[in-house]
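upload18.txt follows; it contains compact mmCIF, C-alpha atoms.
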```txt
# COMPACT_ATOMS: atom_id res chain seq x y z
CA GLU A 17 75.73 -193.59 -31.47
CA ALA A 18 78.94 -195.41 -32.33
CA PRO A 19 80.81 -198.03 -30.28
CA MET A 20 84.40 -197.34 -29.21
CA GLN A 21 87.11 -199.94 -29.80
CA ARG A 22 89.32 -201.20 -27.01
CA ARG A 23 92.91 -200.04 -27.43
CA LEU A 24 95.59 -202.70 -27.73
CA ASP A 25 98.25 -200.83 -25.75
CA ASP A 26 96.24 -200.11 -22.58
CA ALA A 27 92.81 -200.47 -20.99
CA GLY A 28 91.35 -197.42 -22.73
CA PHE A 29 88.99 -197.08 -25.69
CA GLU A 30 89.18 -195.05 -28.88
CA PHE A 31 87.11 -193.79 -31.81
CA VAL A 32 88.35 -192.12 -34.99
CA PHE A 33 86.42 -189.22 -36.54
CA ALA A 34 87.08 -189.43 -40.29
CA GLY A 35 86.28 -186.98 -43.07
CA ILE A 36 84.97 -184.18 -40.85
CA ASP A 37 83.82 -181.18 -42.92
CA GLU A 38 81.65 -179.37 -40.37
CA ALA A 39 81.53 -178.75 -36.62
CA VAL A 40 80.84 -181.81 -34.44
CA GLN A 41 79.58 -182.06 -30.85
CA TYR A 42 80.12 -185.30 -28.94
CA TYR A 43 80.16 -186.93 -25.51
CA ILE A 44 81.17 -190.33 -24.14
CA ALA A 45 78.85 -192.70 -22.30
CA ALA A 46 79.65 -195.89 -20.37
CA GLY A 47 76.75 -197.58 -18.59
CA ASN A 48 74.94 -194.90 -16.63
CA VAL A 49 77.94 -192.54 -16.71
CA ARG A 50 78.10 -189.71 -19.25
CA SER A 51 80.92 -187.25 -19.87
CA SER A 52 80.65 -183.55 -20.50
CA GLU A 53 79.94 -182.46 -24.07
CA PHE A 54 82.89 -181.52 -26.27
CA GLY A 55 83.18 -179.96 -29.71
CA ILE A 56 85.37 -180.28 -32.78
CA GLN A 57 85.61 -177.07 -34.80
CA VAL A 58 86.51 -177.32 -38.52
CA VAL A 59 88.80 -174.56 -39.78
CA GLU A 60 88.99 -174.01 -43.54
CA MET A 61 92.60 -173.16 -44.45
CA PRO A 62 93.63 -171.06 -47.49
CA ASN A 63 94.25 -172.89 -50.77
CA VAL A 64 97.42 -172.22 -52.76
CA LYS A 65 96.49 -170.94 -56.23
CA ARG A 66 99.94 -170.34 -57.73
CA ILE A 67 103.60 -169.83 -56.88
CA ARG A 68 105.98 -167.33 -58.48
CA LEU A 69 109.77 -167.75 -58.16
CA THR A 70 112.30 -164.99 -58.80
CA TYR A 71 115.91 -166.17 -59.03
CA ASN A 72 118.65 -163.86 -57.71
CA TYR A 73 121.94 -165.45 -58.74
CA PRO A 74 125.36 -164.74 -57.18
CA SER A 75 127.08 -161.79 -58.86
CA TRP A 76 129.99 -163.92 -60.05
CA THR A 77 127.70 -165.91 -62.36
CA GLY A 78 126.91 -162.83 -64.45
CA LEU A 79 123.31 -164.07 -64.76
CA ALA A 80 120.43 -161.60 -64.73
CA GLN A 81 117.48 -161.93 -62.37
CA ASN A 82 114.93 -164.42 -63.72
CA THR A 83 111.25 -164.95 -62.85
CA GLU A 84 109.51 -168.32 -63.23
CA GLU A 85 105.71 -168.53 -63.20
CA PRO A 86 104.13 -170.87 -62.44
CA GLY A 87 106.88 -171.95 -60.07
CA GLY A 88 107.41 -174.88 -57.75
CA ASP A 89 110.61 -176.91 -57.93
CA ILE A 90 113.77 -174.81 -57.56
CA ARG A 91 116.95 -175.43 -59.58
CA ALA A 92 119.77 -172.93 -59.08
CA VAL A 93 123.47 -172.67 -58.36
CA ALA A 94 124.38 -172.80 -54.69
CA GLY A 95 124.42 -169.32 -53.20
CA SER A 96 121.33 -168.13 -55.10
CA GLN A 97 118.54 -166.31 -53.29
CA ILE A 98 115.01 -167.20 -54.40
CA ASP A 99 112.09 -164.83 -53.82
CA VAL A 100 109.03 -167.06 -53.31
CA GLU A 101 105.61 -165.44 -53.85
CA ILE A 102 102.46 -167.43 -53.08
CA GLU A 103 98.91 -166.50 -54.07
CA THR A 104 96.10 -168.01 -51.99
CA ASP A 105 92.32 -167.80 -52.32
CA ARG A 106 92.18 -165.82 -49.04
CA PRO A 107 94.73 -164.08 -46.82
CA LEU A 108 97.29 -166.47 -45.39
CA VAL A 109 97.82 -165.77 -41.69
CA ASN A 110 101.06 -167.02 -40.12
CA GLY A 111 102.17 -168.53 -43.43
CA LEU A 112 105.56 -170.20 -43.74
CA LEU A 113 107.78 -172.38 -45.89
CA ARG A 114 108.74 -175.65 -44.24
CA VAL A 115 112.25 -176.54 -45.48
CA ASP A 116 113.53 -180.12 -45.22
CA ASN A 117 111.11 -180.75 -42.33
CA GLU A 118 113.72 -179.02 -40.16
CA SER A 119 113.22 -175.25 -40.27
CA ASN A 120 110.41 -172.76 -40.88
CA LEU A 121 110.82 -169.68 -43.06
CA GLY A 122 108.22 -167.05 -42.19
CA LEU A 123 106.21 -165.33 -44.93
CA ARG A 124 105.06 -161.71 -45.15
CA SER A 125 101.36 -161.46 -46.02
CA ASP A 126 99.78 -158.77 -48.19
CA ASN A 127 96.12 -159.53 -48.90
CA ASN A 128 96.14 -162.79 -50.90
CA TRP A 129 99.90 -162.73 -51.58
CA SER A 130 102.59 -164.01 -49.20
CA ARG A 131 106.31 -163.52 -49.78
CA GLY A 132 109.59 -164.89 -48.47
CA ARG A 133 113.20 -165.45 -49.57
CA LEU A 134 114.81 -168.90 -49.63
CA ALA A 135 118.58 -169.44 -49.82
CA VAL A 136 119.81 -172.32 -51.99
CA GLU A 137 122.71 -174.07 -50.27
CA LYS A 138 122.08 -177.78 -50.83
CA ASP A 139 119.57 -180.23 -52.29
CA GLY A 140 116.35 -180.49 -50.34
CA ARG A 141 112.62 -179.84 -50.46
CA TYR A 142 110.03 -177.42 -49.15
CA PHE A 143 106.26 -176.96 -48.89
CA VAL A 144 103.85 -174.14 -48.10
CA ALA A 145 102.28 -174.28 -44.64
CA ALA A 146 100.52 -172.22 -42.00
CA LEU A 147 101.01 -172.10 -38.26
CA TYR A 148 97.68 -172.70 -36.49
CA ASN A 149 97.36 -173.16 -32.73
CA GLY A 150 101.08 -173.97 -32.57
CA GLU A 151 100.79 -176.69 -35.21
CA THR A 152 102.29 -176.61 -38.72
CA ILE A 153 99.49 -177.26 -41.25
CA ARG A 154 100.58 -178.33 -44.74
CA LEU A 155 98.97 -176.38 -47.61
CA SER A 156 100.85 -177.75 -50.64
CA ASP A 157 102.71 -180.77 -51.95
CA ASP A 158 106.49 -181.05 -51.60
CA PHE A 159 108.66 -179.09 -54.04
CA PHE A 160 112.28 -180.04 -54.70
CA ILE A 161 115.34 -177.82 -54.25
CA GLU A 162 118.28 -178.72 -56.51
CA ALA A 163 121.58 -176.93 -55.86
CA THR A 164 123.50 -176.91 -59.14
CA PRO A 165 127.29 -177.19 -58.65
CA ASP A 166 129.63 -174.68 -60.28
CA ARG A 167 131.82 -176.71 -62.62
CA ALA A 168 135.33 -175.52 -63.44
CA PRO A 169 135.83 -174.05 -66.94
CA THR A 170 137.35 -176.25 -69.63
CA VAL A 171 140.00 -175.14 -72.15
CA LYS A 172 140.95 -177.04 -75.28
CA ILE A 173 143.69 -176.44 -77.86
CA SER A 174 142.11 -177.92 -80.97
CA ARG A 175 144.90 -176.85 -83.33
CA PRO A 176 147.68 -177.88 -83.59
CA GLY A 177 146.74 -179.89 -80.50
CA ARG A 178 150.32 -180.95 -79.73
CA ASP A 179 153.91 -179.73 -79.90
CA HIS A 180 154.73 -178.15 -83.28
CA ARG A 181 158.08 -177.52 -84.95
CA ALA A 182 158.04 -174.48 -87.24
CA THR A 183 160.54 -172.89 -89.63
CA PRO A 184 161.86 -169.36 -88.90
CA ILE A 185 159.54 -167.85 -91.53
CA GLU A 186 156.44 -169.94 -90.80
CA GLU A 187 153.31 -168.55 -89.14
CA VAL A 188 151.61 -171.07 -86.88
CA THR A 189 147.86 -170.65 -86.40
CA ALA A 190 146.49 -172.05 -83.18
CA ARG A 191 142.82 -172.56 -82.37
CA PHE A 192 141.41 -172.48 -78.83
CA GLN A 193 138.08 -173.31 -77.21
CA ALA A 194 136.87 -172.37 -73.72
CA GLU A 195 133.58 -173.27 -72.06
CA ASP A 196 131.98 -172.52 -68.68
CA ASP A 197 128.47 -173.26 -67.44
CA PHE A 198 128.02 -169.64 -66.24
CA GLY A 199 129.90 -167.85 -68.99
CA VAL A 200 133.58 -167.29 -69.82
CA ARG A 201 134.55 -163.97 -68.18
CA ALA A 202 138.11 -163.81 -69.57
CA PHE A 203 139.89 -165.81 -72.28
CA GLU A 204 143.56 -165.10 -72.95
CA LEU A 205 146.49 -166.63 -74.82
CA ARG A 206 149.85 -166.19 -73.11
CA TYR A 207 153.00 -167.20 -74.96
CA SER A 208 156.72 -166.66 -75.28
CA VAL A 209 158.89 -167.14 -78.39
CA ASN A 210 162.47 -168.32 -77.99
CA GLY A 211 162.62 -167.20 -74.36
CA ASP A 212 161.43 -163.65 -75.06
CA PRO A 213 159.17 -161.87 -72.53
CA GLU A 214 155.70 -163.35 -72.22
CA LYS A 215 152.95 -161.80 -74.33
CA SER A 216 149.20 -161.81 -73.70
CA VAL A 217 146.43 -161.78 -76.32
CA THR A 218 142.72 -161.48 -75.53
CA LEU A 219 140.67 -164.18 -77.23
CA GLY A 220 136.91 -164.07 -77.87
CA ALA A 221 134.20 -161.95 -76.24
CA PRO A 222 133.54 -162.35 -72.49
CA GLY A 223 130.16 -163.43 -71.14
CA ARG A 224 129.38 -166.26 -73.52
CA ARG A 225 129.19 -169.84 -72.27
CA GLN A 226 131.43 -171.02 -75.13
CA SER A 227 134.21 -169.11 -76.81
CA ASP A 228 136.11 -170.19 -79.93
CA ALA A 229 139.10 -168.20 -81.23
CA SER A 230 142.23 -168.46 -83.34
CA HIS A 231 145.55 -166.62 -83.24
```
Represent the supplied structure as structure tokens.
Amino acid sequence: EAPMQRRLDDAGFEFVFAGIDEAVQYYIAAGNVRSSEFGIQVVEMPNVKRIRLTYNYPSWTGLAQNTEEPGGDIRAVAGSQIDVEIETDRPLVNGLLRVDNESNLGLRSDNNWSRGRLAVEKDGRYFVAALYNGETIRLSDDFFIEATPDRAPTVKISRPGRDHRATPIEEVTARFQAEDDFGVRAFELRYSVNGDPEKSVTLGAPGRRQSDASH
């Protein structure tokens, strides 16, 4: 037997069951009055063993698909699609990813593996959960989602670095540097001498994050 405490907000009483790890049967008694008997059933939910993340980047980045295991926090450029694979110690029924405590992303279950795809659009967080009796049950800690911005490429003329006056027989060597966080796809020098038609020269090899060339 355990006494019930009077509630502060009304005339009722309450009792908190804490640390329940097995089924419990209970009833309420007041004087000579006794309620019907009720039960609390304990449901053991699946445990998350590991998470595997496969990054599918936007085509314009030129980045190949990349798998991260063990996975958890997500860091990718906005527009990336992340395949999330979750291994549990038993089949996960009605599994989902809870994103920013706002939306649920359903998971497909195959034995002890559950899979879903998450779109990276902004910073946020997610956790693994299951839907049980209409209630979202958390199965993991929070993981962060970091949407990396696409920075504009930078171009630098390191030589001569300013206007240059040359003689009619002098050859002027110029040096150029270009850098982009997702790789320089094209690097060209365009110039005109004494008002002649514009010429174009390809500089460096495309695909590298940093290109350094002279002409």
Open item on the list: as a ChimeraX atom specification, please: the residues near region 166-178 of chain A (cut-off 12 Å, all atoms listed in the file, same-chain neighbours under 6 positions excluded).
Closed with: /A:74,76-77,92-96,188-205,225-231
Task: One-decimal distance in Å that lies between CA of Ile44 (chain A) and CA of Glu17 (chain A) - done: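 Computing it gives 9.7 Å between the two atoms.
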Proximity of region 133-187 of chain A to region 101-107 of chain A: per-residue shortest pair, 10 Å limit, all atoms listed in the file, as JSON lines:
```
{"residue": "A:Arg133", "atom": "CA", "partner": "A:Glu101", "partner_atom": "CA", "distance": 8.7}
{"residue": "A:Val144", "atom": "CA", "partner": "A:Ile102", "partner_atom": "CA", "distance": 8.5}
{"residue": "A:Leu155", "atom": "CA", "partner": "A:Thr104", "partner_atom": "CA", "distance": 9.9}
```
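Among the candidates A:Leu121, A:Leu134, A:Leu79, A:Ala163, the residue lying nearest to Ile98 (chain A) is A:Leu134 (atoms considered: all atoms listed in the file).
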TODO: For each of A:Ala34, A:Ile90, A:Val209, A:Ile161, take the minimum atom-to-atom distance to Ala182 (chain A), counting all atoms listed in the file, then give the residue where this is smallest.
DONE: A:Val209
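Our summary of the geometry notes that CA of Ala80 (chain A) is positioned 14.1 Å from CA of Asp99 (chain A).
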Give the centre and edge lengths of an axis-aligned box, in Å to one decimal, that holds all listed atoms of region 165-172 of chain A with 8 Å on each side, as JSON.
```
{"center_x": 134.1, "center_y": -175.6, "center_z": -67.0, "size_x": 29.7, "size_y": 19.1, "size_z": 32.6}
```
- [ ] In Å, rounded to a single decimal, give me how far CA of Tyr71 (chain A) is from CA of Pro86 (chain A).
- [x] 13.1 Å
- [ ] Within 12 Å of Phe33 (chain A), counting all atoms listed in the file, which residues show up once you throw out same-chain ones fewer than 2 positions away? Write them as a PyMOL selection string, please.
- [x] chain A and resi 18+20+30-31+35-42+55-56
